[in-house]
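Following: one structure in structure tokens, then a few remarks.
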Amino acid sequence: MVVRAQYHLSQVSDISRSRALLWLCVLALAGGALRFYNLAWGAPFYHFHIDEHFVFTGADNLRVSMEQAANAPKFFMYSPLPMYLLNGLRTIYETFAHRLDLTNPQDEITYMVLGRAVSATFATATIPVVYAIATKLAGRVAGLLSAAFLAFTVLSLRDAHFFTVDAGLVFFCGVTWLCALRVAERGDLASVILAGVAFGFAVLCKYSAAFLGAPLGLAYLLAPGRPATMAPGAWVRWVVRGVLLLAVAAAVFLLLDPMVWLYPDKFRLDFRQQVTEPLLGVTKPLFLGTFADLTHPRLYWVTNLLWWAQGPALEAWALLGLAWLVTRRHRLAWVSALVPIAYFAMAGNSVAPFVRYALPLMPPLAVAAGVLSADLLRRPRWHMAALVVTTVVLASTALYAAAYMNVFRKPDSRVAASDYMRAHIPAGATVLVEPTHNLPPTGAYRDQTNFYRDYMPWDPFTDELREFRLIGMDSYRHLYSRELSDQEKQAYINGRLGLADWIVIDDYYLQVYRHLPASEHGVMKQFYRDLFNGQLPFQLERSFKTYPSLFGVEINDDRAEMTFRHFDHPRIFVFRRKGVVGR
């Protein structure tokens, strides 16, 4: 192997350690401010992000017993480490404040903020981890630039506002990557054990962390200490030490998640039904409908996911940086380049590339961009061009981040629609809604929210406060069914429309059915066309939507992957039957 010494000598032009740490603190504070800002958005309406609600529910069930948690629907869809951390925070809070009652809206807000603080902490802590990785690769300038790119990455700060398992996954992937670099440098037993522990914690956040086996394996292969002779004993010891890394990771995972082996049948069922089958296209649930006409899922990562996750400037510079890392003839660079490549090789197989699946790519792409900038800045011939490009990329990324914060500054569009309904729809009016987690809260859901209730309007009902009579049109199960004829679907829709004076829907099913084939779902596609073209006896009264915006300039992200906007800034439509008078 050839190791080029000039990369170790490149720190001649670096800034001092104390000054670098000062700037790192500034970047971590800036990134933390973006990630911790208004963690109470949308609270206590936990159904606004269904994946978040599953993790909250899992944590609450774990406080009762492992058995109750394990046997709850879809529990093993996620690993439990973030749930453990939330329960620890909750215990501390209840010790010094009061016991949380999750039927009390104020306590529900507190609970949601505690959970989201776990995500925000992980997301903020990833910034110095990225600095440490990039510094190992190309010096402190590279470390600071990488930290800056990640601090202002929109997808990272956005998902810090959700209590999901992804922020913890990204953090421990970074820590494992850092340990892998230590393995590649030293190859000693301590480094192997540390890497195994970090790997185990990453999988404890999300099973997809399994991709780290590839860069860890490469790090061990490139590490010093491989036997110099053909003596079998030496090679056996070397192999055993490498296997020890995986054994430590497995032990950490199985010891801290005993439910996997205590309830193996339920684990396999959830993992198959909620992870492998839908993501590999074996089953086709409606929530994957927006990808039904996607012909090139891998290309979609570049043309859509990274575009909106990072912004086009950072995406382009980071991908160039990844190519640059591959050409660097150094084992640390090769291990680092394999991190995003291995992840994409695994995650890119999914037929459903949700934007949150791009989160583990954010740190390695930030590092790639930072290393590329730092290396070119040190070359006199490229210094000025690199300075201009780096400034443009960093400035545009920071401005994009500032614009995205408008989503959390403005009132949630679902709450704004709820306020409008109360002001303009007469009490007791019949309102047609679809079973979606973006339903504007009304009645008891608005004023007496109960964490343990399902507010999805599957069937007609009148809420406890008798504000409106909500009529549910089941676009999720009933109208998606391939067993119903077009005539039966049309009759069902006509019957529901005949009962309603108002229609309040979001753009979720509108977007889903737009991508589904007309041969099977023509009735629903026609229903949405007729509704928005004025062919039905309803007229659009008002719509609610918040875009990323800065200095009065909006960034229209309607073309982004749907879940990029679905969880925190969906569009809500309010229709009124023609001739019906509002307040």
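Chain identifiers are assigned as A, B, and so on, following the order in which chains appear in the structure tokens; residues are numbered from 1 within each chain, and ligands are numbered from 1 in order of appearance.
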
Who sits within 6 Å of A:Phe468, only C-alpha atoms, same chain under 5 positions skipped, as a list in words: Ala427, Gly428 and Ala429 of chain A

How would the residues just chosen look if you wrote them out with C-alpha atoms as a PDB file, in the first residue's frame?
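Below you can see again39.pdb, which holds the result:
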```pdb
ATOM      1  CA  ALA A 427     -70.750  24.550  14.865  1.00  0.00           C
ATOM      2  CA  GLY A 428     -72.306  21.158  14.147  1.00  0.00           C
ATOM      3  CA  ALA A 429     -71.622  21.370  10.405  1.00  0.00           C
TER       4      ALA A 429
END
```

Long-range neighbours of A:Val248 as a VMD selection string, 8 Å cut-off, only C-alpha atoms, 5 positions minimum in chain: chain A and resid 193 196 to 197 200

Distance of atom CA of A:Thr276 from atom CA of A:Met524, expressed in Å to one decimal place: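 Going from atom CA of A:Met524 over to atom CA of A:Thr276 covers 28.4 Å.
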
Nearest to A:Lys525, chosen from A:Gln490, A:Ser146, A:Thr546, A:Ser18, with only C-alpha atoms counted in the distances: A:Gln490

Selection: 12 Å around A:Leu85, only C-alpha atoms, excl. self and same-chain fewer than 5 positions, as a list in words: Val55, Phe56, Gly58, Ala59, Asp60, Leu62, Arg63, Pro80, Arg90, Thr91, Ile92, Leu114, Gly115, Arg116, Ala117, Val118, Ser119, Thr121, Phe122, Phe163, Thr164, Val165, Gly168, Leu204 and Cys205 of chain A
